[in-house]
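Q: Here you go, this is start17.tsv (TSV, C-alpha atoms).
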```tsv
chain	number	residue	atom	x	y	z
A	319	MET	CA	0.00	0.00	0.00
A	320	PHE	CA	1.09	3.57	-0.65
A	321	SER	CA	-0.43	7.03	-0.33
A	322	GLY	CA	-1.57	9.15	-3.22
A	323	ILE	CA	-4.11	11.78	-4.21
A	324	LEU	CA	-6.94	10.01	-6.00
A	325	ILE	CA	-9.56	11.74	-8.13
A	326	ASN	CA	-12.83	9.93	-8.79
A	327	LYS	CA	-15.97	10.99	-10.61
A	328	ASN	CA	-19.56	9.76	-10.47
A	329	ASP	CA	-23.02	11.10	-11.28
A	330	GLU	CA	-22.86	13.40	-8.28
A	331	GLY	CA	-19.57	14.99	-9.32
A	332	GLN	CA	-15.86	14.75	-8.58
A	333	THR	CA	-14.21	13.62	-5.34
A	334	VAL	CA	-10.58	14.14	-4.33
A	335	GLU	CA	-8.85	12.52	-1.37
A	336	VAL	CA	-5.54	11.19	-0.12
A	337	ALA	CA	-6.11	7.45	-0.43
A	338	GLN	CA	-4.27	4.25	0.37
A	339	ILE	CA	-3.59	2.53	-2.96
A	340	GLU	CA	-2.61	-1.05	-3.70
A	341	GLU	CA	0.43	-1.46	-5.93
A	342	SER	CA	-1.68	-3.78	-8.11
A	343	GLN	CA	-3.83	-0.76	-8.99
A	344	LEU	CA	-0.95	1.00	-10.72
A	345	PRO	CA	-1.36	1.36	-14.49
A	346	GLU	CA	0.75	-0.50	-17.04
A	347	GLY	CA	4.36	0.54	-17.57
A	348	ASN	CA	7.86	-0.85	-17.77
A	349	VAL	CA	9.41	1.31	-15.04
A	350	THR	CA	8.27	1.71	-11.42
A	351	VAL	CA	9.49	4.81	-9.59
A	352	GLU	CA	9.59	5.49	-5.87
A	353	VAL	CA	8.50	9.12	-6.03
A	354	GLU	CA	10.29	11.53	-3.72
A	355	ARG	CA	8.73	14.81	-4.75
A	356	SER	CA	6.20	16.25	-7.12
A	357	THR	CA	4.89	19.76	-7.53
A	358	LEU	CA	1.65	21.65	-7.97
A	359	ASN	CA	1.22	23.14	-11.45
A	360	TYR	CA	-1.67	25.19	-12.82
A	361	LYS	CA	-2.87	22.11	-14.71
A	362	ASP	CA	-2.73	20.06	-11.50
A	363	GLY	CA	-4.82	22.71	-9.79
A	364	LEU	CA	-7.45	22.46	-12.54
A	365	ALA	CA	-7.45	18.66	-12.23
A	366	ILE	CA	-7.90	18.71	-8.44
A	367	ILE	CA	-10.59	21.40	-8.43
A	368	GLY	CA	-12.33	19.83	-11.43
A	369	SER	CA	-13.02	23.21	-13.04
A	370	SER	CA	-11.64	22.15	-16.42
A	371	PRO	CA	-11.63	18.76	-18.18
A	372	VAL	CA	-7.94	18.06	-17.56
A	373	VAL	CA	-8.49	14.51	-16.30
A	374	ARG	CA	-9.57	12.20	-19.12
A	375	LYS	CA	-9.80	8.89	-17.19
A	376	PHE	CA	-10.99	8.01	-13.70
A	377	PRO	CA	-9.80	7.16	-11.15
A	378	MET	CA	-6.73	9.35	-11.64
A	379	VAL	CA	-3.66	10.30	-9.63
A	380	PRO	CA	-2.86	13.89	-10.65
A	381	GLY	CA	0.61	15.39	-10.93
A	382	ILE	CA	2.27	16.15	-14.27
A	383	ASP	CA	5.76	16.18	-12.69
A	384	LEU	CA	7.75	13.81	-10.52
A	385	ALA	CA	11.29	13.12	-9.40
A	386	GLY	CA	12.39	9.91	-7.76
A	387	VAL	CA	14.32	6.64	-7.90
A	388	VAL	CA	13.70	3.64	-10.14
A	389	SER	CA	12.72	0.61	-8.03
A	390	GLU	CA	11.90	-1.80	-10.85
A	391	SER	CA	12.52	-1.75	-14.61
A	392	SER	CA	12.20	-3.90	-17.71
A	393	HIS	CA	13.15	-0.95	-19.90
A	394	PRO	CA	16.67	-1.23	-21.40
A	395	GLU	CA	17.63	2.33	-20.49
A	396	TRP	CA	16.82	2.21	-16.78
A	397	LYS	CA	17.86	0.11	-13.82
A	398	GLU	CA	17.09	0.00	-10.12
A	399	GLY	CA	18.59	2.98	-8.31
A	400	ASP	CA	18.58	5.38	-11.28
A	401	ARG	CA	17.44	8.88	-10.39
A	402	VAL	CA	14.90	10.21	-12.88
A	403	VAL	CA	12.61	13.12	-13.61
A	404	LEU	CA	9.39	13.20	-15.61
A	405	ASN	CA	7.43	16.10	-17.11
A	406	GLY	CA	4.28	15.80	-19.19
A	407	TRP	CA	3.43	12.96	-21.58
A	408	GLY	CA	-0.20	13.08	-20.39
A	409	VAL	CA	0.77	11.92	-16.90
A	410	GLY	CA	-1.81	13.16	-14.43
A	411	GLU	CA	-4.35	13.43	-17.26
A	412	THR	CA	-4.60	10.04	-19.00
A	413	HIS	CA	-1.98	8.10	-16.97
A	414	TRP	CA	-1.49	8.13	-13.19
A	415	GLY	CA	0.87	10.90	-12.16
A	416	GLY	CA	3.32	12.10	-9.58
A	417	LEU	CA	1.18	13.09	-6.59
A	418	ALA	CA	1.64	9.67	-4.99
A	419	GLN	CA	4.47	7.71	-3.40
A	420	LYS	CA	4.77	5.35	-6.39
A	421	ALA	CA	4.37	5.67	-10.16
A	422	ARG	CA	4.48	3.11	-12.95
A	423	LEU	CA	5.50	4.65	-16.23
A	424	ASN	CA	6.72	4.18	-19.77
A	425	GLY	CA	10.52	4.39	-19.56
A	426	ASP	CA	10.63	6.40	-22.79
A	427	TRP	CA	9.06	9.30	-20.89
A	428	LEU	CA	11.88	9.59	-18.35
A	429	VAL	CA	15.09	11.60	-18.42
A	430	PRO	CA	18.02	11.34	-16.01
A	431	LEU	CA	17.84	13.71	-13.08
A	432	PRO	CA	20.87	16.01	-13.59
A	433	GLN	CA	23.49	15.61	-10.85
A	434	ALA	CA	23.25	19.35	-10.24
A	435	PHE	CA	19.80	18.92	-8.67
A	436	ASN	CA	18.21	16.99	-5.85
A	437	SER	CA	14.55	16.02	-6.13
A	438	ARG	CA	13.38	19.15	-4.29
A	439	GLN	CA	15.25	21.42	-6.68
A	440	ALA	CA	14.08	19.43	-9.71
A	441	MET	CA	10.47	19.92	-8.65
A	442	ALA	CA	11.03	23.58	-7.86
A	443	ILE	CA	11.85	23.71	-11.58
A	444	GLY	CA	9.17	21.24	-12.69
A	445	THR	CA	7.26	21.54	-15.94
A	446	ALA	CA	7.19	25.32	-15.55
A	447	GLY	CA	10.97	25.67	-15.43
A	448	TYR	CA	11.53	23.01	-18.05
A	449	THR	CA	9.07	24.87	-20.32
A	450	ALA	CA	10.96	28.11	-19.67
A	451	ALA	CA	14.17	26.39	-20.80
A	452	LEU	CA	12.43	25.15	-23.96
A	453	CYS	CA	11.37	28.75	-24.66
A	454	VAL	CA	14.89	30.12	-24.18
A	455	ASP	CA	16.28	27.34	-26.38
A	456	ALA	CA	13.70	28.24	-29.06
A	457	LEU	CA	14.74	31.92	-29.04
A	458	VAL	CA	18.44	31.03	-29.15
A	459	LYS	CA	17.90	28.55	-31.97
A	460	HIS	CA	15.99	31.19	-33.92
A	461	GLY	CA	19.03	33.45	-33.66
A	462	VAL	CA	17.94	36.01	-31.06
A	463	LYS	CA	21.16	37.39	-29.53
A	464	PRO	CA	21.73	39.50	-26.39
A	465	ASP	CA	23.01	42.48	-28.38
A	466	GLN	CA	19.77	42.73	-30.41
A	467	GLY	CA	17.75	44.30	-27.63
A	468	GLU	CA	15.42	43.64	-24.73
A	469	ILE	CA	13.59	40.38	-24.08
A	470	LEU	CA	10.08	40.58	-22.64
A	471	VAL	CA	8.88	37.95	-20.16
A	472	THR	CA	5.17	38.01	-19.35
A	473	GLY	CA	3.56	36.35	-16.34
A	474	ALA	CA	6.86	36.94	-14.63
A	475	THR	CA	5.98	35.93	-11.07
A	476	GLY	CA	4.72	32.52	-12.19
A	477	GLY	CA	6.88	29.44	-12.52
A	478	VAL	CA	7.59	29.77	-16.25
A	479	GLY	CA	8.29	33.48	-16.02
A	480	SER	CA	10.50	33.29	-12.94
A	481	VAL	CA	12.78	30.61	-14.39
A	482	ALA	CA	12.83	32.29	-17.81
A	483	VAL	CA	14.08	35.49	-16.19
A	484	MET	CA	16.92	33.61	-14.46
A	485	LEU	CA	17.97	31.72	-17.59
A	486	LEU	CA	17.84	34.77	-19.88
A	487	ALA	CA	19.77	36.94	-17.41
A	488	LYS	CA	22.44	34.24	-17.07
A	489	ALA	CA	22.75	34.08	-20.87
A	490	GLY	CA	23.42	37.82	-21.01
A	491	TYR	CA	20.07	39.15	-22.21
A	492	THR	CA	18.47	42.38	-21.01
A	493	VAL	CA	15.22	41.22	-19.45
A	494	VAL	CA	12.04	43.26	-19.02
A	495	VAL	CA	9.21	41.64	-17.11
A	496	ALA	CA	5.47	42.29	-17.19
A	497	THR	CA	3.61	41.81	-13.93
A	498	GLY	CA	0.54	43.10	-12.16
A	499	LYS	CA	2.24	42.78	-8.80
A	500	SER	CA	4.32	45.91	-8.18
A	501	SER	CA	5.16	44.58	-4.72
A	502	GLU	CA	7.25	41.86	-6.39
A	503	GLU	CA	9.79	44.26	-7.92
A	504	GLY	CA	12.52	43.22	-5.48
A	505	TYR	CA	11.87	39.53	-6.12
A	506	LEU	CA	11.96	39.93	-9.92
A	507	LYS	CA	15.07	42.11	-9.96
A	508	GLY	CA	16.72	39.61	-7.63
A	509	LEU	CA	16.12	36.94	-10.26
A	510	GLY	CA	17.83	39.11	-12.89
A	511	ALA	CA	15.16	41.39	-14.37
A	512	ASN	CA	16.47	44.75	-15.58
A	513	ASP	CA	13.15	46.55	-15.78
A	514	ILE	CA	9.46	46.05	-15.00
A	515	ILE	CA	6.30	47.09	-16.85
A	516	ASP	CA	2.67	46.84	-15.79
A	517	ARG	CA	0.94	43.84	-17.36
A	518	ALA	CA	-2.15	46.03	-17.84
A	519	SER	CA	-0.33	47.77	-20.69
A	520	LEU	CA	-0.44	44.49	-22.62
A	521	ALA	CA	-3.71	42.97	-21.42
A	522	GLU	CA	-6.23	44.94	-23.52
A	523	LYS	CA	-6.87	45.14	-27.26
A	524	GLY	CA	-4.14	47.12	-29.03
A	525	LYS	CA	-3.12	48.18	-32.52
A	526	PRO	CA	-2.01	45.46	-34.97
A	527	LEU	CA	1.43	47.08	-35.23
A	528	GLN	CA	2.96	49.07	-32.39
A	529	LYS	CA	6.30	50.68	-31.63
A	530	GLU	CA	9.09	48.11	-31.99
A	531	ARG	CA	10.75	47.26	-28.69
A	532	TRP	CA	11.38	43.53	-28.09
A	533	ALA	CA	14.06	41.41	-29.74
A	534	GLY	CA	12.31	38.38	-28.27
A	535	VAL	CA	9.48	37.41	-25.97
A	536	VAL	CA	8.67	34.53	-23.63
A	537	ASP	CA	4.88	34.43	-23.18
A	538	PRO	CA	2.95	31.97	-20.98
A	539	VAL	CA	-0.12	34.24	-20.96
A	540	GLY	CA	-1.70	34.21	-24.44
A	541	SER	CA	-4.76	36.23	-25.58
A	542	HIS	CA	-4.32	40.03	-25.88
A	543	THR	CA	-0.99	39.90	-24.03
A	544	LEU	CA	0.50	37.67	-26.72
A	545	VAL	CA	-1.05	39.78	-29.49
A	546	ASN	CA	0.44	43.02	-28.10
A	547	ALA	CA	3.81	41.36	-27.53
A	548	CYS	CA	3.89	40.30	-31.19
A	549	ALA	CA	2.83	43.81	-32.27
A	550	GLN	CA	5.77	45.31	-30.32
A	551	THR	CA	8.42	42.82	-31.45
A	552	LYS	CA	11.25	44.13	-33.62
A	553	TYR	CA	11.84	43.26	-37.23
A	554	CYS	CA	12.80	39.56	-37.48
A	555	GLY	CA	12.38	39.10	-33.75
A	556	ALA	CA	10.78	36.02	-32.21
A	557	VAL	CA	8.03	35.27	-29.70
A	558	ALA	CA	8.02	31.95	-27.82
A	559	ALA	CA	4.42	31.20	-26.81
A	560	CYS	CA	3.86	28.48	-24.23
A	561	GLY	CA	0.73	29.20	-22.21
A	562	LEU	CA	-2.78	30.61	-21.90
A	563	ALA	CA	-3.07	32.12	-18.44
A	564	GLN	CA	-5.08	35.04	-19.86
A	565	GLY	CA	-6.89	32.88	-22.39
A	566	PRO	CA	-6.49	30.58	-25.42
A	567	ASP	CA	-7.73	33.15	-27.93
A	568	PHE	CA	-5.38	35.00	-30.30
A	569	PRO	CA	-7.32	38.05	-31.56
A	570	SER	CA	-4.58	39.27	-33.87
A	571	THR	CA	-3.76	40.09	-37.47
A	572	VAL	CA	-0.99	38.77	-39.71
A	573	MET	CA	0.67	42.22	-39.78
A	574	PRO	CA	3.63	41.54	-37.44
A	575	PHE	CA	4.44	38.36	-39.34
A	576	ILE	CA	4.23	39.61	-42.93
A	577	LEU	CA	5.46	43.20	-42.44
A	578	ARG	CA	8.14	42.69	-39.79
A	579	GLY	CA	9.03	39.03	-40.25
A	580	VAL	CA	8.23	38.29	-36.61
A	581	ALA	CA	8.36	34.56	-35.82
A	582	LEU	CA	5.76	33.06	-33.49
A	583	LEU	CA	7.37	29.98	-31.98
A	584	GLY	CA	4.96	27.53	-30.41
A	585	VAL	CA	6.51	25.73	-27.44
A	586	ASP	CA	4.94	22.48	-26.24
A	587	SER	CA	6.36	20.79	-23.17
A	588	VAL	CA	3.99	17.82	-22.92
A	589	MET	CA	5.02	15.80	-25.97
A	590	ALA	CA	8.43	17.36	-26.68
A	591	PRO	CA	10.91	14.76	-28.02
A	592	LYS	CA	13.66	13.49	-25.78
A	593	ASP	CA	16.50	15.44	-27.43
A	594	ARG	CA	14.74	18.73	-26.64
A	595	ARG	CA	14.03	17.61	-23.09
A	596	MET	CA	17.67	16.66	-22.53
A	597	ALA	CA	18.83	20.02	-23.97
A	598	ALA	CA	16.41	21.91	-21.74
A	599	TRP	CA	17.52	20.08	-18.58
A	600	LYS	CA	21.16	20.60	-19.61
A	601	ARG	CA	20.57	24.36	-19.83
A	602	LEU	CA	18.85	24.31	-16.45
A	603	ALA	CA	21.69	22.34	-14.84
A	604	GLU	CA	24.36	24.66	-16.24
A	605	ASP	CA	22.68	28.07	-15.97
A	606	LEU	CA	20.36	28.08	-12.96
A	607	ASP	CA	21.66	29.75	-9.83
A	608	LEU	CA	20.56	27.35	-7.09
A	609	ALA	CA	20.49	30.12	-4.48
A	610	LYS	CA	18.07	32.08	-6.67
A	611	LEU	CA	16.09	28.91	-7.32
A	612	ASP	CA	15.34	28.79	-3.59
A	613	GLU	CA	13.68	32.20	-4.01
A	614	VAL	CA	11.26	30.64	-6.52
A	615	ILE	CA	10.05	28.00	-4.05
A	616	ALA	CA	6.82	29.21	-2.49
A	617	GLY	CA	6.93	26.36	0.00
A	618	GLU	CA	7.11	22.61	0.49
A	619	ILE	CA	3.90	20.83	1.41
A	620	GLY	CA	2.58	17.29	1.90
A	621	LEU	CA	0.02	15.38	-0.14
A	622	ALA	CA	-2.96	16.41	2.00
A	623	ASP	CA	-1.96	20.08	1.79
A	624	ALA	CA	-1.89	19.93	-2.02
A	625	ILE	CA	-5.67	19.61	-2.24
A	626	PRO	CA	-6.59	22.97	-0.58
A	627	ALA	CA	-3.50	24.61	-2.12
A	628	ALA	CA	-4.90	23.92	-5.61
A	629	LYS	CA	-7.59	26.59	-5.12
A	630	ASP	CA	-5.06	29.18	-3.93
A	631	LEU	CA	-2.87	28.42	-6.94
A	632	LEU	CA	-5.71	28.94	-9.42
A	633	GLU	CA	-6.67	32.20	-7.70
A	634	GLY	CA	-3.13	33.56	-8.14
A	635	LYS	CA	-2.39	33.65	-4.41
A	636	ILE	CA	0.87	31.67	-4.71
A	637	ARG	CA	4.06	33.17	-6.07
A	638	GLY	CA	6.58	30.79	-7.58
A	639	ARG	CA	6.61	27.03	-7.14
A	640	LEU	CA	4.99	24.70	-4.63
A	641	VAL	CA	7.02	21.54	-4.06
A	642	VAL	CA	5.12	18.50	-2.80
A	643	ASP	CA	6.93	15.99	-0.60
A	644	VAL	CA	4.79	12.91	-1.27
A	645	ASN	CA	6.18	11.14	1.80
A	646	LYS	CA	5.14	13.93	4.17
```
Represent the structure from my file as structure tokens, please.
A:
Amino acid sequence: MFSGILINKNDEGQTVEVAQIEESQLPEGNVTVEVERSTLNYKDGLAIIGSSPVVRKFPMVPGIDLAGVVSESSHPEWKEGDRVVLNGWGVGETHWGGLAQKARLNGDWLVPLPQAFNSRQAMAIGTAGYTAALCVDALVKHGVKPDQGEILVTGATGGVGSVAVMLLAKAGYTVVVATGKSSEEGYLKGLGANDIIDRASLAEKGKPLQKERWAGVVDPVGSHTLVNACAQTKYCGAVAACGLAQGPDFPSTVMPFILRGVALLGVDSVMAPKDRRMAAWKRLAEDLDLAKLDEVIAGEIGLADAIPAAKDLLEGKIRGRLVVDVNK
């Protein structure tokens, strides 16, 4: 038996509890992991609250991230004792996830946990930080260089934004962040931000083309924020879009793309191939300041605490990353 958050659904609605689970209930997979830590992402919050159809199968253990140690494997790449990390692949949506003490998984989904990180640090990074690294890699691959101008990071106090700021600053970029939380100026500048703008200046409908400012953008927000960011991006600049915190709509025109050659780079973290995952975790291992990473951790909680914390996360009351110690 092991503990895990279990989501069930019946005609009366959804239930969520910390349950005792038999190992025989674990789904199919060729690697079993003793989970040490997981984390609470926005998608996990939606799954636990049940306010959006994130979970596709019931019962379900949520948690799109996990870090732990292989206890059993028939996969050629992994053996007992290997330290691994997992992000995405539909885990916590269609396959039991990381908010439990054990997980059985497809070994193809795993990557080695970099030696630079322990499980707590890996989950402070989580899908949010790994997605931020994918965004930075996308901008670099496109050819955006530090001497070309400022990089805008939206949603800067969230997990994606916070890690993106750290990675971009380390790589030598001038970073401007958009936030609605003026009280977080010290936090954001401590991570490496050079300047701060009010997110309200991007959040409403704007002109199709605006004054050029950004050499590149990392945007986890979407909707009008993404549209305005594209409209303000310099000739041949690039915008890495990875989220929809403001909304999934894109009420834009083709003007920035056909008149300024702006590139809109879609960044998906869920199904990203292994070579991109390895490159992203390599960047994180080499460029993240672990002392600053501690600033991103909002707190470390146990499984039972994750259920009420989901509501606070969705309401924007939590800054940074919540690490979940599944053995707590």
Q: Compare A:Val642, A:Val379, A:Val539, A:Trp407 by their minimum atom-to-atom distance to Thr333 (chain A), counting only C-alpha atoms, and give me the closest one.
A: A:Val379
Q: Out of A:Asn328, A:Gln528, A:Thr445, A:Ser369, which residue has the shortest atom-to-atom distance to Gly476 (chain A) when counting all atoms listed in the file?
A: A:Thr445
Q: Do you know which residues are at most 10 Å from Lys529 (chain A) counting all atoms listed in the file, after dropping those on the same chain fewer than 4 positions away, and could you put them as a PyMOL selection string?
A: chain A and resi 525+549-552
Q: Mind giving me the straight-line distance from CA of Leu611 (chain A) to CA of Thr357 (chain A) in Å, one decimal?
A: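 Taking CA of Leu611 (chain A) as the start and CA of Thr357 (chain A) as the end point, the length is 14.5 Å.
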Q: With all atoms listed in the file counted and 12 Å as the cut-off, give the residues of region 618-638 of chain A in contact with region 483-504 of chain A, each with its shortest interatomic distance in Å and the pair that gives it, as a tab-separated table.
A:
```
residue	atom	partner	partner_atom	distance
A:Gly634	CA	A:Lys499	CA	10.7
A:Lys635	CA	A:Lys499	CA	11.1
A:Ile636	CA	A:Lys499	CA	11.9
A:Arg637	CA	A:Glu502	CA	9.3
A:Gly638	CA	A:Glu502	CA	11.2
```
Q: For the atom pair CA of Gln564 (chain A) and CA of Gly524 (chain A), what is the interatomic distance in Å to one decimal place?
A: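 Interatomic distance, CA of Gln564 (chain A) to CA of Gly524 (chain A): 15.2 Å.
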Q: Please determine, counting all atoms listed in the file, which residue among A:Asp465, A:Glu354, A:Asp586, A:Glu341 has the shortest atom-to-atom distance to Arg422 (chain A).
A: A:Glu341
Q: Nearest residue to Val429 (chain A) out of A:Val644, A:Leu358, A:Val388, A:Ile619, using all atoms listed in the file?
A: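 Closest residue, counting all atoms listed in the file: A:Val388.
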Q: Taking only C-alpha atoms into account, name the residue in A:Cys548, A:Ala450, A:Met573, A:Val458 that is nearest to Gly561 (chain A).
A: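 Among the listed residues, A:Ala450 lies closest to Gly561 (chain A).
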Q: Got a sec: who's within 9 Å of Ala597 (chain A), counting all atoms listed in the file, leaving out chain neighbours fewer than 6 positions off, as a PDB file with C-alpha atoms, in the frame of the given file?
A:
```pdb
ATOM      1  CA  ALA A 451      14.170  26.390 -20.800  1.00  0.00           C
ATOM      2  CA  LEU A 452      12.430  25.150 -23.960  1.00  0.00           C
ATOM      3  CA  ASP A 455      16.280  27.340 -26.380  1.00  0.00           C
TER       4      ASP A 455
END
```
Q: For Asp630 (chain A), which residue out of A:Tyr553, A:Gly381, A:Ile367, A:Val351 is the nearest one, using all atoms listed in the file?
A: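 Under the stated criterion, the closest residue is A:Ile367.
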Q: Do a neighbour search on Ala521 (chain A) at 9 Å with only C-alpha atoms, toss out local chain neighbours closer than 4 positions, and write the hits as a ChimeraX atom specification.
A: /A:517,541-544,546,564
Q: Give me, as a ChimeraX atom specification, all polymer residues having an atom no more than 8 Å from region 431-434 of chain A, counting all atoms listed in the file and skipping those fewer than 3 positions away in the same chain.
A: /A:385,401-403,440,599-600,603
Q: As an exercise, work out the distance from CA of Ala628 (chain A) to CA of Cys560 (chain A) in Å and give it to one decimal place.
A: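 Going from CA of Ala628 (chain A) over to CA of Cys560 (chain A), I get 21.1 Å.
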Q: As lines of an AutoDock Vina configuration file, what would the box around region 446-465 of chain A look like: edges along x, y and z, 6 Å added on every side, centre and edge lengths in Å to one decimal?
A:
```
center_x = 15.1
center_y = 32.7
center_z = -24.7
size_x = 27.8
size_y = 31.5
size_z = 30.5
```
Q: When you look at Asp383 (chain A) with a cut-off of 6 Å (counting all atoms listed in the file), what residues show up, excluding the ones that are within fewer than 6 positions of it in the same chain? I need them as an mmCIF file with C-alpha atoms, keeping the file's coordinate frame.
A:
```cif
data_model
loop_
_atom_site.group_PDB
_atom_site.id
_atom_site.type_symbol
_atom_site.label_atom_id
_atom_site.label_comp_id
_atom_site.auth_asym_id
_atom_site.auth_seq_id
_atom_site.Cartn_x
_atom_site.Cartn_y
_atom_site.Cartn_z
ATOM 1 C CA SER A 356 6.200 16.250 -7.120
ATOM 2 C CA LEU A 404 9.390 13.200 -15.610
ATOM 3 C CA ASN A 405 7.430 16.100 -17.110
ATOM 4 C CA GLY A 416 3.320 12.100 -9.580
#
```
Q: Generate the coordinates of N, CA and C atoms for region 324-335 of chain A; report them as an mmCIF file, in the coordinates of the input.
A:
```cif
data_model
loop_
_atom_site.group_PDB
_atom_site.id
_atom_site.type_symbol
_atom_site.label_atom_id
_atom_site.label_comp_id
_atom_site.auth_asym_id
_atom_site.auth_seq_id
_atom_site.Cartn_x
_atom_site.Cartn_y
_atom_site.Cartn_z
ATOM 1 N N LEU A 324 -6.134 10.752 -5.043
ATOM 2 C CA LEU A 324 -6.940 10.010 -6.000
ATOM 3 C C LEU A 324 -8.198 10.818 -6.338
ATOM 4 N N ILE A 325 -8.385 11.025 -7.635
ATOM 5 C CA ILE A 325 -9.560 11.740 -8.130
ATOM 6 C C ILE A 325 -10.535 10.725 -8.715
ATOM 7 N N ASN A 326 -11.769 10.778 -8.256
ATOM 8 C CA ASN A 326 -12.830 9.930 -8.790
ATOM 9 C C ASN A 326 -13.982 10.808 -9.264
ATOM 10 N N LYS A 327 -14.817 10.239 -10.117
ATOM 11 C CA LYS A 327 -15.970 10.990 -10.610
ATOM 12 C C LYS A 327 -17.146 10.044 -10.747
ATOM 13 N N ASN A 328 -18.324 10.524 -10.300
ATOM 14 C CA ASN A 328 -19.560 9.760 -10.470
ATOM 15 C C ASN A 328 -20.667 10.726 -10.866
ATOM 16 N N ASP A 329 -21.889 10.268 -10.848
ATOM 17 C CA ASP A 329 -23.020 11.100 -11.280
ATOM 18 C C ASP A 329 -23.204 12.332 -10.413
ATOM 19 N N GLU A 330 -22.706 12.272 -9.198
ATOM 20 C CA GLU A 330 -22.860 13.400 -8.280
ATOM 21 C C GLU A 330 -21.713 14.400 -8.375
ATOM 22 N N GLY A 331 -20.682 14.071 -9.148
ATOM 23 C CA GLY A 331 -19.570 14.990 -9.320
ATOM 24 C C GLY A 331 -18.230 14.356 -8.989
ATOM 25 N N GLN A 332 -17.235 15.200 -8.792
ATOM 26 C CA GLN A 332 -15.860 14.750 -8.580
ATOM 27 C C GLN A 332 -15.520 14.708 -7.094
ATOM 28 N N THR A 333 -14.742 13.699 -6.707
ATOM 29 C CA THR A 333 -14.210 13.620 -5.340
ATOM 30 C C THR A 333 -12.691 13.552 -5.407
ATOM 31 N N VAL A 334 -12.054 14.136 -4.411
ATOM 32 C CA VAL A 334 -10.580 14.140 -4.330
ATOM 33 C C VAL A 334 -10.196 13.826 -2.896
ATOM 34 N N GLU A 335 -9.283 12.872 -2.721
ATOM 35 C CA GLU A 335 -8.850 12.520 -1.370
ATOM 36 C C GLU A 335 -7.442 11.937 -1.416
#
```
